[in-house]
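File shown: work.cif. Contents: mmCIF, C-alpha atoms.
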data_coords
#
loop_
_atom_site.group_PDB
_atom_site.id
_atom_site.type_symbol
_atom_site.label_atom_id
_atom_site.label_comp_id
_atom_site.auth_asym_id
_atom_site.auth_seq_id
_atom_site.Cartn_x
_atom_site.Cartn_y
_atom_site.Cartn_z
ATOM 1 C CA MET A 2 -21.694 -82.379 194.366
ATOM 2 C CA THR A 3 -20.323 -84.676 191.702
ATOM 3 C CA ALA A 4 -19.362 -83.234 188.351
ATOM 4 C CA THR A 5 -22.277 -83.660 185.959
ATOM 5 C CA PRO A 6 -22.915 -82.525 182.427
ATOM 6 C CA ALA A 7 -24.635 -79.162 182.191
ATOM 7 C CA ASP A 8 -28.229 -79.437 183.417
ATOM 8 C CA THR A 9 -30.026 -78.436 180.254
ATOM 9 C CA TRP A 10 -33.512 -79.114 178.978
ATOM 10 C CA THR A 11 -34.706 -79.571 175.415
ATOM 11 C CA VAL A 12 -37.994 -78.640 173.795
ATOM 12 C CA ALA A 13 -38.749 -79.489 170.151
ATOM 13 C CA GLY A 14 -35.060 -80.065 169.469
ATOM 14 C CA ARG A 15 -33.880 -76.764 170.981
ATOM 15 C CA THR A 16 -31.726 -76.957 174.102
ATOM 16 C CA PHE A 17 -31.759 -74.322 176.853
ATOM 17 C CA THR A 18 -29.870 -73.858 180.103
ATOM 18 C CA SER A 19 -32.247 -71.462 181.870
ATOM 19 C CA ARG A 20 -35.436 -73.087 183.153
ATOM 20 C CA LEU A 21 -37.167 -69.774 183.662
ATOM 21 C CA ILE A 22 -39.306 -68.303 180.881
ATOM 22 C CA VAL A 23 -40.496 -64.756 181.477
ATOM 23 C CA GLY A 24 -43.228 -62.645 179.967
ATOM 24 C CA THR A 25 -42.790 -59.166 178.562
ATOM 25 C CA GLY A 26 -46.113 -57.598 179.595
ATOM 26 C CA LYS A 27 -47.070 -55.088 182.313
ATOM 27 C CA TYR A 28 -43.621 -53.494 182.719
ATOM 28 C CA LYS A 29 -43.210 -49.749 183.304
ATOM 29 C CA ASP A 30 -41.210 -49.476 180.083
ATOM 30 C CA PHE A 31 -39.081 -51.528 177.693
ATOM 31 C CA ARG A 32 -35.893 -50.589 179.519
ATOM 32 C CA GLN A 33 -37.091 -52.038 182.831
ATOM 33 C CA ASN A 34 -38.393 -55.080 180.969
ATOM 34 C CA ALA A 35 -35.013 -55.709 179.350
ATOM 35 C CA ALA A 36 -33.219 -55.288 182.696
ATOM 36 C CA ALA A 37 -35.567 -57.806 184.325
ATOM 37 C CA VAL A 38 -35.010 -60.308 181.513
ATOM 38 C CA ALA A 39 -31.245 -59.937 181.939
ATOM 39 C CA ALA A 40 -31.476 -60.416 185.727
ATOM 40 C CA SER A 41 -33.704 -63.480 185.309
ATOM 41 C CA GLY A 42 -31.188 -65.191 183.052
ATOM 42 C CA ALA A 43 -34.108 -66.262 180.848
ATOM 43 C CA GLU A 44 -33.291 -67.445 177.344
ATOM 44 C CA ILE A 45 -36.943 -67.429 176.242
ATOM 45 C CA VAL A 46 -39.498 -64.622 176.571
ATOM 46 C CA THR A 47 -43.153 -64.739 175.680
ATOM 47 C CA VAL A 48 -44.492 -62.061 173.354
ATOM 48 C CA ALA A 49 -47.945 -61.177 172.070
ATOM 49 C CA VAL A 50 -49.006 -60.554 168.469
ATOM 50 C CA ARG A 51 -50.923 -57.313 167.967
ATOM 51 C CA ARG A 52 -51.797 -54.796 165.282
ATOM 52 C CA VAL A 53 -49.079 -52.298 164.434
ATOM 53 C CA ASN A 54 -50.149 -48.788 165.418
ATOM 54 C CA ILE A 55 -50.216 -47.381 161.896
ATOM 55 C CA SER A 56 -50.825 -43.873 163.230
ATOM 56 C CA ASP A 57 -47.518 -43.954 165.124
ATOM 57 C CA PRO A 58 -45.192 -46.320 163.246
ATOM 58 C CA LYS A 59 -42.057 -44.914 164.840
ATOM 59 C CA ALA A 60 -43.100 -45.806 168.416
ATOM 60 C CA PRO A 61 -40.410 -47.863 170.232
ATOM 61 C CA MET A 62 -40.701 -51.586 169.674
ATOM 62 C CA LEU A 63 -39.978 -54.499 171.989
ATOM 63 C CA SER A 64 -37.351 -55.849 169.600
ATOM 64 C CA ASP A 65 -35.365 -52.601 169.958
ATOM 65 C CA PHE A 66 -34.754 -53.563 173.614
ATOM 66 C CA ILE A 67 -34.855 -57.367 173.673
ATOM 67 C CA ASP A 68 -32.991 -58.761 170.672
ATOM 68 C CA PRO A 69 -34.795 -61.753 169.133
ATOM 69 C CA LYS A 70 -31.464 -62.996 167.829
ATOM 70 C CA VAL A 71 -30.204 -63.364 171.417
ATOM 71 C CA ILE A 72 -33.408 -64.193 173.322
ATOM 72 C CA THR A 73 -35.879 -66.670 171.817
ATOM 73 C CA TYR A 74 -39.273 -65.025 171.292
ATOM 74 C CA LEU A 75 -42.130 -67.373 172.141
ATOM 75 C CA PRO A 76 -45.251 -65.876 170.524
ATOM 76 C CA ASN A 77 -48.434 -66.449 172.516
ATOM 77 C CA THR A 78 -52.139 -66.416 171.750
ATOM 78 C CA ALA A 79 -53.173 -64.410 174.788
ATOM 79 C CA GLY A 80 -56.639 -62.978 174.317
ATOM 80 C CA CYS A 81 -57.800 -65.761 171.995
ATOM 81 C CA PHE A 82 -61.013 -67.496 173.015
ATOM 82 C CA THR A 83 -61.411 -69.904 170.068
ATOM 83 C CA ALA A 84 -59.147 -72.370 168.272
ATOM 84 C CA ASP A 85 -59.566 -70.405 165.037
ATOM 85 C CA GLU A 86 -58.410 -67.117 166.612
ATOM 86 C CA ALA A 87 -55.379 -68.823 168.134
ATOM 87 C CA ILE A 88 -54.413 -70.536 164.870
ATOM 88 C CA ARG A 89 -54.767 -67.277 162.927
ATOM 89 C CA THR A 90 -52.605 -65.446 165.472
ATOM 90 C CA LEU A 91 -49.829 -68.033 165.358
ATOM 91 C CA ARG A 92 -49.794 -68.202 161.569
ATOM 92 C CA LEU A 93 -49.132 -64.453 161.619
ATOM 93 C CA ALA A 94 -46.551 -64.892 164.386
ATOM 94 C CA ARG A 95 -44.687 -67.450 162.317
ATOM 95 C CA GLU A 96 -44.615 -65.048 159.406
ATOM 96 C CA ALA A 97 -43.469 -62.147 161.619
ATOM 97 C CA GLY A 98 -40.765 -64.072 163.422
ATOM 98 C CA GLY A 99 -39.841 -66.883 161.104
ATOM 99 C CA TRP A 100 -39.879 -69.613 163.760
ATOM 100 C CA ASP A 101 -42.378 -72.314 164.703
ATOM 101 C CA LEU A 102 -41.917 -72.683 168.489
ATOM 102 C CA VAL A 103 -45.062 -71.062 169.908
ATOM 103 C CA LYS A 104 -47.146 -70.864 173.059
ATOM 104 C CA LEU A 105 -50.760 -71.907 172.559
ATOM 105 C CA GLU A 106 -53.392 -70.729 174.993
ATOM 106 C CA VAL A 107 -57.108 -70.695 174.305
ATOM 107 C CA LEU A 108 -59.042 -69.053 177.088
ATOM 108 C CA GLY A 109 -62.478 -70.068 178.303
ATOM 109 C CA GLU A 110 -63.666 -66.909 180.047
ATOM 110 C CA ALA A 111 -62.350 -63.472 180.969
ATOM 111 C CA ARG A 112 -63.007 -63.704 184.709
ATOM 112 C CA THR A 113 -60.717 -66.685 185.423
ATOM 113 C CA LEU A 114 -58.738 -66.850 182.145
ATOM 114 C CA TYR A 115 -59.088 -70.593 182.630
ATOM 115 C CA PRO A 116 -58.151 -72.566 179.496
ATOM 116 C CA ASP A 117 -60.864 -73.963 177.225
ATOM 117 C CA MET A 118 -59.443 -77.459 176.742
ATOM 118 C CA ARG A 119 -61.807 -78.473 173.921
ATOM 119 C CA GLU A 120 -60.674 -75.530 171.791
ATOM 120 C CA THR A 121 -57.067 -75.894 172.972
ATOM 121 C CA LEU A 122 -56.908 -79.522 171.818
ATOM 122 C CA LYS A 123 -58.477 -78.642 168.492
ATOM 123 C CA ALA A 124 -55.956 -75.845 167.889
ATOM 124 C CA CYS A 125 -53.046 -78.024 169.022
ATOM 125 C CA GLU A 126 -53.885 -80.698 166.435
ATOM 126 C CA VAL A 127 -54.147 -78.185 163.585
ATOM 127 C CA LEU A 128 -50.931 -76.389 164.565
ATOM 128 C CA ALA A 129 -48.945 -79.615 164.861
ATOM 129 C CA ARG A 130 -50.186 -80.655 161.415
ATOM 130 C CA GLU A 131 -49.022 -77.303 160.011
ATOM 131 C CA GLY A 132 -45.508 -77.837 161.356
ATOM 132 C CA PHE A 133 -45.730 -75.676 164.481
ATOM 133 C CA ALA A 134 -44.131 -76.781 167.759
ATOM 134 C CA PRO A 135 -46.807 -75.748 170.280
ATOM 135 C CA MET A 136 -46.028 -75.380 173.980
ATOM 136 C CA VAL A 137 -49.493 -75.517 175.488
ATOM 137 C CA TYR A 138 -51.028 -73.693 178.463
ATOM 138 C CA CYS A 139 -53.552 -76.052 180.045
ATOM 139 C CA VAL A 140 -55.515 -77.137 183.097
ATOM 140 C CA ASP A 141 -53.653 -79.075 185.790
ATOM 141 C CA ASP A 142 -55.284 -82.327 184.700
ATOM 142 C CA PRO A 143 -53.073 -85.361 183.962
ATOM 143 C CA ILE A 144 -55.536 -86.785 181.433
ATOM 144 C CA ALA A 145 -55.820 -83.524 179.505
ATOM 145 C CA ALA A 146 -52.019 -83.382 179.530
ATOM 146 C CA LYS A 147 -51.780 -86.808 177.889
ATOM 147 C CA GLN A 148 -54.364 -85.827 175.304
ATOM 148 C CA LEU A 149 -52.384 -82.705 174.455
ATOM 149 C CA GLU A 150 -49.223 -84.733 174.061
ATOM 150 C CA GLU A 151 -51.055 -87.053 171.664
ATOM 151 C CA ALA A 152 -52.262 -83.963 169.779
ATOM 152 C CA GLY A 153 -48.673 -82.849 169.169
ATOM 153 C CA ALA A 154 -47.857 -80.557 172.114
ATOM 154 C CA VAL A 155 -44.076 -80.222 172.522
ATOM 155 C CA ALA A 156 -44.450 -79.018 176.114
ATOM 156 C CA ILE A 157 -47.245 -79.211 178.674
ATOM 157 C CA MET A 158 -47.773 -76.013 180.667
ATOM 158 C CA PRO A 159 -50.356 -76.444 183.432
ATOM 159 C CA LEU A 160 -51.480 -73.445 185.414
ATOM 160 C CA GLY A 161 -50.447 -73.284 189.061
ATOM 161 C CA ALA A 162 -53.278 -70.826 189.710
ATOM 162 C CA PRO A 163 -55.219 -68.357 187.522
ATOM 163 C CA ILE A 164 -53.137 -66.089 185.262
ATOM 164 C CA GLY A 165 -51.954 -62.982 187.079
ATOM 165 C CA SER A 166 -53.342 -64.118 190.443
ATOM 166 C CA GLY A 167 -50.052 -64.739 192.238
ATOM 167 C CA LEU A 168 -51.762 -67.401 194.353
ATOM 168 C CA GLY A 169 -49.002 -70.003 193.968
ATOM 169 C CA ILE A 170 -49.341 -73.656 193.046
ATOM 170 C CA GLN A 171 -52.776 -74.721 194.234
ATOM 171 C CA ASN A 172 -52.605 -78.405 193.392
ATOM 172 C CA ARG A 173 -49.213 -79.998 193.849
ATOM 173 C CA VAL A 174 -50.655 -83.475 193.402
ATOM 174 C CA THR A 175 -51.937 -82.927 189.881
ATOM 175 C CA VAL A 176 -48.782 -81.080 188.806
ATOM 176 C CA ARG A 177 -46.687 -84.004 190.071
ATOM 177 C CA LEU A 178 -48.941 -86.515 188.274
ATOM 178 C CA ILE A 179 -48.549 -84.557 185.032
ATOM 179 C CA VAL A 180 -44.760 -84.543 185.449
ATOM 180 C CA GLU A 181 -44.715 -88.300 186.112
ATOM 181 C CA GLY A 182 -46.828 -89.094 183.063
ATOM 182 C CA ALA A 183 -45.315 -86.727 180.514
ATOM 183 C CA ASN A 184 -42.833 -87.570 177.777
ATOM 184 C CA VAL A 185 -42.374 -83.895 176.900
ATOM 185 C CA PRO A 186 -41.200 -81.026 179.140
ATOM 186 C CA VAL A 187 -43.653 -79.784 181.772
ATOM 187 C CA LEU A 188 -43.568 -76.140 182.842
ATOM 188 C CA VAL A 189 -45.814 -74.453 185.374
ATOM 189 C CA ASP A 190 -47.345 -71.520 183.540
ATOM 190 C CA ALA A 191 -49.327 -68.940 185.502
ATOM 191 C CA GLY A 192 -50.068 -68.458 189.171
ATOM 192 C CA VAL A 193 -46.574 -67.967 190.548
ATOM 193 C CA GLY A 194 -46.539 -65.037 192.989
ATOM 194 C CA THR A 195 -43.168 -65.174 194.681
ATOM 195 C CA ALA A 196 -39.884 -67.054 194.672
ATOM 196 C CA SER A 197 -41.010 -69.955 196.853
ATOM 197 C CA ASP A 198 -43.809 -70.734 194.379
ATOM 198 C CA ALA A 199 -41.246 -71.145 191.604
ATOM 199 C CA ALA A 200 -39.125 -73.357 193.862
ATOM 200 C CA VAL A 201 -42.160 -75.547 194.607
ATOM 201 C CA ALA A 202 -42.781 -76.039 190.878
ATOM 202 C CA MET A 203 -39.198 -77.137 190.359
ATOM 203 C CA GLU A 204 -39.204 -79.398 193.444
ATOM 204 C CA LEU A 205 -42.218 -81.183 191.943
ATOM 205 C CA GLY A 206 -39.992 -82.116 189.013
ATOM 206 C CA CYS A 207 -41.145 -79.564 186.461
ATOM 207 C CA ASP A 208 -38.685 -78.803 183.692
ATOM 208 C CA GLY A 209 -39.276 -75.090 184.022
ATOM 209 C CA VAL A 210 -41.523 -72.235 185.082
ATOM 210 C CA LEU A 211 -43.124 -69.469 183.041
ATOM 211 C CA MET A 212 -44.155 -66.229 184.721
ATOM 212 C CA ASN A 213 -44.854 -62.591 183.999
ATOM 213 C CA THR A 214 -46.871 -60.713 186.619
ATOM 214 C CA ALA A 215 -44.870 -61.985 189.607
ATOM 215 C CA ILE A 216 -41.848 -60.128 188.262
ATOM 216 C CA ALA A 217 -43.506 -57.196 186.482
ATOM 217 C CA GLU A 218 -45.727 -56.222 189.431
ATOM 218 C CA ALA A 219 -43.065 -56.567 192.124
ATOM 219 C CA LYS A 220 -42.021 -53.205 193.583
ATOM 220 C CA ASP A 221 -38.498 -53.940 192.306
ATOM 221 C CA PRO A 222 -38.997 -56.110 189.223
ATOM 222 C CA VAL A 223 -35.294 -56.492 188.444
ATOM 223 C CA ARG A 224 -34.551 -57.807 191.926
ATOM 224 C CA MET A 225 -37.561 -60.140 191.801
ATOM 225 C CA ALA A 226 -36.301 -61.439 188.459
ATOM 226 C CA LEU A 227 -33.050 -62.378 190.181
ATOM 227 C CA ALA A 228 -35.009 -63.967 193.058
ATOM 228 C CA MET A 229 -36.926 -66.086 190.546
ATOM 229 C CA LYS A 230 -33.725 -67.164 188.817
ATOM 230 C CA LEU A 231 -32.274 -68.317 192.145
ATOM 231 C CA ALA A 232 -35.538 -69.987 193.204
ATOM 232 C CA VAL A 233 -35.788 -71.955 189.976
ATOM 233 C CA GLU A 234 -32.165 -73.046 190.324
ATOM 234 C CA GLY A 235 -32.641 -73.867 194.019
ATOM 235 C CA GLY A 236 -35.798 -75.862 193.381
ATOM 236 C CA ARG A 237 -34.111 -77.753 190.553
ATOM 237 C CA HIS A 238 -31.140 -78.679 192.737
ATOM 238 C CA ALA A 239 -33.489 -79.769 195.526
ATOM 239 C CA TYR A 240 -35.406 -81.998 193.107
ATOM 240 C CA LEU A 241 -32.238 -83.556 191.691
ATOM 241 C CA SER A 242 -30.674 -84.089 195.119
ATOM 242 C CA GLY A 243 -33.627 -86.158 196.373
ATOM 243 C CA ARG A 244 -35.209 -84.650 199.429
ATOM 244 C CA MET A 245 -35.376 -86.364 202.833
ATOM 245 C CA ALA A 246 -38.452 -88.272 203.877
ATOM 246 C CA THR A 247 -40.860 -86.512 206.204
ATOM 247 C CA ARG A 248 -41.453 -87.760 209.775
ATOM 248 C CA LYS A 249 -44.402 -87.297 212.034
ATOM 249 C CA TYR A 250 -42.262 -86.336 215.036
ATOM 250 C CA ALA A 251 -38.843 -84.861 215.858
ATOM 251 C CA ASP A 252 -35.519 -86.547 215.202
ATOM 252 C CA PRO A 253 -32.503 -84.869 216.863
ATOM 253 C CA SER A 254 -29.612 -83.782 214.695
ATOM 254 C CA SER A 255 -27.043 -83.889 217.529
ATOM 255 C CA PRO A 256 -25.884 -87.247 218.965
ATOM 256 C CA LEU A 257 -27.647 -88.477 222.088
ATOM 257 C CA ALA A 258 -24.501 -90.331 223.239
ATOM 258 C CA GLY A 259 -21.963 -88.452 225.369
ATOM 259 C CA LEU A 260 -24.467 -86.026 226.852
ATOM 260 C CA ILE A 261 -23.053 -84.442 230.037
ATOM 261 C CA MET B 7 -59.241 -48.033 136.691
ATOM 262 C CA ALA B 8 -59.458 -45.686 139.695
ATOM 263 C CA ASP B 9 -56.366 -43.647 140.578
ATOM 264 C CA GLN B 10 -56.773 -44.484 144.237
ATOM 265 C CA LEU B 11 -57.576 -47.745 145.991
ATOM 266 C CA ALA B 12 -59.657 -47.737 149.174
ATOM 267 C CA LEU B 13 -58.234 -50.174 151.713
ATOM 268 C CA THR B 14 -58.980 -51.190 155.269
ATOM 269 C CA VAL B 15 -55.697 -51.453 157.180
ATOM 270 C CA ASN B 16 -55.867 -52.606 160.816
ATOM 271 C CA GLY B 17 -59.486 -51.527 160.897
ATOM 272 C CA GLU B 18 -58.773 -48.004 159.551
ATOM 273 C CA SER B 19 -59.634 -46.643 156.106
ATOM 274 C CA ARG B 20 -56.570 -45.879 153.986
ATOM 275 C CA ARG B 21 -56.001 -44.888 150.369
ATOM 276 C CA ILE B 22 -53.087 -45.782 148.153
ATOM 277 C CA ALA B 23 -52.267 -45.191 144.486
ATOM 278 C CA ALA B 24 -53.529 -47.831 142.069
ATOM 279 C CA GLY B 25 -50.841 -50.318 141.084
ATOM 280 C CA ALA B 26 -49.312 -50.468 144.571
ATOM 281 C CA SER B 27 -48.106 -53.744 146.020
ATOM 282 C CA ILE B 28 -48.388 -54.859 149.660
ATOM 283 C CA ALA B 29 -44.709 -53.957 150.081
ATOM 284 C CA ASP B 30 -45.448 -50.431 148.799
ATOM 285 C CA LEU B 31 -48.188 -50.080 151.409
ATOM 286 C CA VAL B 32 -45.951 -51.305 154.248
ATOM 287 C CA VAL B 33 -43.190 -48.896 153.264
ATOM 288 C CA SER B 34 -45.653 -46.007 152.827
ATOM 289 C CA LEU B 35 -46.743 -46.587 156.435
ATOM 290 C CA GLU B 36 -43.063 -46.218 157.460
ATOM 291 C CA LEU B 37 -42.917 -49.813 158.710
ATOM 292 C CA ASP B 38 -40.003 -52.207 158.372
ATOM 293 C CA PRO B 39 -41.244 -55.168 156.303
ATOM 294 C CA LYS B 40 -38.785 -57.417 158.169
ATOM 295 C CA LYS B 41 -40.505 -56.724 161.511
ATOM 296 C CA VAL B 42 -44.156 -57.196 160.589
ATOM 297 C CA ALA B 43 -46.471 -59.859 159.244
ATOM 298 C CA VAL B 44 -49.314 -59.141 156.849
ATOM 299 C CA GLU B 45 -52.664 -60.806 156.431
ATOM 300 C CA HIS B 46 -54.299 -59.963 153.082
ATOM 301 C CA ASN B 47 -58.055 -60.593 152.840
ATOM 302 C CA GLY B 48 -57.825 -63.238 155.552
ATOM 303 C CA GLU B 49 -54.796 -65.068 154.137
ATOM 304 C CA ILE B 50 -51.176 -64.823 155.275
ATOM 305 C CA ALA B 51 -49.114 -62.871 152.743
ATOM 306 C CA PRO B 52 -45.637 -64.440 152.908
ATOM 307 C CA ARG B 53 -42.893 -61.829 153.288
ATOM 308 C CA SER B 54 -41.166 -63.072 150.139
ATOM 309 C CA THR B 55 -44.265 -62.226 148.082
ATOM 310 C CA LEU B 56 -45.105 -58.768 149.473
ATOM 311 C CA ALA B 57 -43.584 -56.929 146.511
ATOM 312 C CA ALA B 58 -45.342 -59.147 143.997
ATOM 313 C CA VAL B 59 -48.912 -59.010 145.341
ATOM 314 C CA MET B 60 -50.872 -56.060 143.895
ATOM 315 C CA LEU B 61 -53.548 -54.423 146.009
ATOM 316 C CA ALA B 62 -57.132 -54.119 144.807
ATOM 317 C CA ASP B 63 -59.907 -51.717 145.752
ATOM 318 C CA GLY B 64 -61.658 -52.874 148.939
ATOM 319 C CA ASP B 65 -58.807 -55.078 150.171
ATOM 320 C CA VAL B 66 -58.651 -55.728 153.919
ATOM 321 C CA LEU B 67 -55.205 -55.948 155.510
ATOM 322 C CA GLU B 68 -53.942 -56.703 158.984
ATOM 323 C CA ILE B 69 -50.375 -55.718 159.788
ATOM 324 C CA VAL B 70 -49.090 -57.131 163.073
ATOM 325 C CA HIS B 71 -45.877 -57.284 165.091
ATOM 326 C CA PHE B 72 -44.656 -58.573 168.433
ATOM 327 C CA VAL B 73 -45.491 -56.605 171.570
ATOM 328 C CA GLY B 74 -44.917 -57.295 175.239
ATOM 329 C CA GLY B 75 -47.092 -60.059 176.610
ATOM 330 C CA GLY B 76 -47.214 -62.903 179.104
#

Can I see the file as structure tokens?
Amino acid sequence: MTATPADTWTVAGRTFTSRLIVGTGKYKDFRQNAAAVAASGAEIVTVAVRRVNISDPKAPMLSDFIDPKVITYLPNTAGCFTADEAIRTLRLAREAGGWDLVKLEVLGEARTLYPDMRETLKACEVLAREGFAPMVYCVDDPIAAKQLEEAGAVAIMPLGAPIGSGLGIQNRVTVRLIVEGANVPVLVDAGVGTASDAAVAMELGCDGVLMNTAIAEAKDPVRMALAMKLAVEGGRHAYLSGRMATRKYADPSSPLAGLI
Amino acid sequence: MADQLALTVNGESRRIAAGASIADLVVSLELDPKKVAVEHNGEIAPRSTLAAVMLADGDVLEIVHFVGGG
């Protein structure tokens, strides 16, 4: 391998080395969550914005275990079903955290958690106008991806499969088309179930992968976090190295000449 | 002027002494103002202004923070 500059990626002017973004939901406790984040090598974690429990203000907080000065918090709009709800949530997130890099997701229905692209586009435009840098969860549709980019999205994050399903990347063609057409980073967000799914996303040329349940619901989340780190790195190297062409039939690897 | 203000904080009824600011409320709830964000009657209350904004009877507040999420 020839010496190359560090393989980094940049979103909204911020440069990162790790191409794996992990969620912070569904873990047994904050300690396990922090250990998984460390094993994953992630430099960005997604977080949700929720009411403080005013009856129990001394309850442990996420930031006691994952330091926002070390790991970039990416506030999300999980649970928002309209543009207005998402915008309200992220305005509060900006006030709570003091930064403008956010993850926008506007959901269409509870059963599939599929994105509502009409509301997502509307919210993206408003947020970009207000100075936010929205990374946007979206359908795996190359046209919708272009429209989001025009609306000010700083990253396009198509689903590989429904959130929390672990079904893997269902449509490699559309993810590849999005990657080919995008002028901003593309990250597969949602649907990854195991390490090979993350590798597939990277082999398609994605700039990164975002996942939560695949790590949090593994029997050993910390080990799965490591597996995901290695898969993302492996998939990235495979993409950069330029894979072989496929053939319809066999092609021997040992020479035919000199056979005894 | 009433001695006590009736507020709605995160959907719950709360009372606080008249003349209290948003910062007073946050501190009285034993919260760290640096770790939360406050919405006051539907508008963001910037952290730098929390001590300056006086509460009024019937005010509705949302106090949020970051929790684990995907």

Query raised in the report: Quick one: which residues from chain A are at most 7 Å off chain B, using all atoms listed in the file, as a PyMOL selection string?
Result: chain A and resi 24-26+47-53+55+58+63+93+96-97+213

Convert the output of the PyMOL selection byres ((chain B and resi 59) around 10) on the shown file into explicit residues, formatted as a PDB file with C-alpha atoms, in the frame of the given file.
ATOM      1  CA  GLY B  25     -50.841 -50.318 141.084  1.00  0.00           C
ATOM      2  CA  ALA B  26     -49.312 -50.468 144.571  1.00  0.00           C
ATOM      3  CA  SER B  27     -48.106 -53.744 146.020  1.00  0.00           C
ATOM      4  CA  ILE B  28     -48.388 -54.859 149.660  1.00  0.00           C
ATOM      5  CA  ALA B  29     -44.709 -53.957 150.081  1.00  0.00           C
ATOM      6  CA  ASP B  30     -45.448 -50.431 148.799  1.00  0.00           C
ATOM      7  CA  HIS B  46     -54.299 -59.963 153.082  1.00  0.00           C
ATOM      8  CA  ALA B  51     -49.114 -62.871 152.743  1.00  0.00           C
ATOM      9  CA  PRO B  52     -45.637 -64.440 152.908  1.00  0.00           C
ATOM     10  CA  SER B  54     -41.166 -63.072 150.139  1.00  0.00           C
ATOM     11  CA  THR B  55     -44.265 -62.226 148.082  1.00  0.00           C
ATOM     12  CA  LEU B  56     -45.105 -58.768 149.473  1.00  0.00           C
ATOM     13  CA  ALA B  57     -43.584 -56.929 146.511  1.00  0.00           C
ATOM     14  CA  ALA B  58     -45.342 -59.147 143.997  1.00  0.00           C
ATOM     15  CA  MET B  60     -50.872 -56.060 143.895  1.00  0.00           C
ATOM     16  CA  LEU B  61     -53.548 -54.423 146.009  1.00  0.00           C
ATOM     17  CA  ALA B  62     -57.132 -54.119 144.807  1.00  0.00           C
TER      18      ALA B  62
END

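Here atom CA of Arg224 of chain A is placed at a distance of 27.3 Å from atom CA of Pro186 of chain A.
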
Give the centre and edge lengths of an axis-aligned box, in Å to one decimal, that holds all listed atoms of segment 25-41 of chain B with 4 Å on each side, as lines of an AutoDock Vina configuration file.
center_x = -44.8
center_y = -51.7
center_z = 151.3
size_x = 20.1
size_y = 19.4
size_z = 28.4

Requested in this report: Name the residues that the PyMOL selection byres ((chain A and resi 138-143) around 10) picks from the file above, as an NGL selection string, using the file's chain letters and numbers.
Outcome: :A and (77-78 or 104-108 or 115-118 or 121-122 or 135-137 or 144-149 or 154 or 156-163 or 171-183 or 188-191)

Requested in this report: Run through the PyMOL selection byres ((chain A and resi 239-250) around 7) on the given coordinates and return the selected residues as an NGL selection string.
Outcome: :A and (203-206 or 235-238 or 251-252)

Dump C-alpha atoms for the selected residues as a PDB file, keeping the file's coordinate frame?
ATOM      1  CA  MET A 203     -39.198 -77.137 190.359  1.00  0.00           C
ATOM      2  CA  GLU A 204     -39.204 -79.398 193.444  1.00  0.00           C
ATOM      3  CA  LEU A 205     -42.218 -81.183 191.943  1.00  0.00           C
ATOM      4  CA  GLY A 206     -39.992 -82.116 189.013  1.00  0.00           C
ATOM      5  CA  GLY A 235     -32.641 -73.867 194.019  1.00  0.00           C
ATOM      6  CA  GLY A 236     -35.798 -75.862 193.381  1.00  0.00           C
ATOM      7  CA  ARG A 237     -34.111 -77.753 190.553  1.00  0.00           C
ATOM      8  CA  HIS A 238     -31.140 -78.679 192.737  1.00  0.00           C
ATOM      9  CA  ALA A 251     -38.843 -84.861 215.858  1.00  0.00           C
ATOM     10  CA  ASP A 252     -35.519 -86.547 215.202  1.00  0.00           C
TER      11      ASP A 252
END

Requested in this report: In Å, rounded to a single decimal, give me how far atom CA of Trp10 of chain A is from atom CA of Gly80 of chain A.
Outcome: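 Calculated distance between atom CA of Gly80 of chain A and atom CA of Trp10 of chain A is 28.6 Å.
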
Requested in this report: Point out the residue among B:Gly64, B:Asn47, B:Ile22, B:Ser34 with the least atom-to-atom distance to Gln10 of chain B, counting all atoms listed in the file.
Outcome: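 The answer is B:Ile22, which sits nearest to Gln10 of chain B.
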
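The space separating atom CA of Lys123 of chain A from atom CA of Asp85 of chain A comes to 9.0 Å.
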
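Distance annotation: of A:Ala199, A:Ala258, A:Ala134, A:Ala43, the residue with the minimal separation from Arg20 of chain A is A:Ala43; atom set is all atoms listed in the file.
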
With only C-alpha atoms as the counted atoms, please give the residues lying no more than 10 Å from Val127 of chain A, apart from itself and same-chain residues fewer than 5 positions off, as a tab-separated table (two decimals) with C-alpha atoms, keeping the file's coordinate frame.
chain	number	residue	atom	x	y	z
A	84	ALA	CA	-59.15	-72.37	168.27
A	85	ASP	CA	-59.57	-70.40	165.04
A	88	ILE	CA	-54.41	-70.54	164.87
A	122	LEU	CA	-56.91	-79.52	171.82
A	132	GLY	CA	-45.51	-77.84	161.36
A	133	PHE	CA	-45.73	-75.68	164.48
A	152	ALA	CA	-52.26	-83.96	169.78
A	153	GLY	CA	-48.67	-82.85	169.17
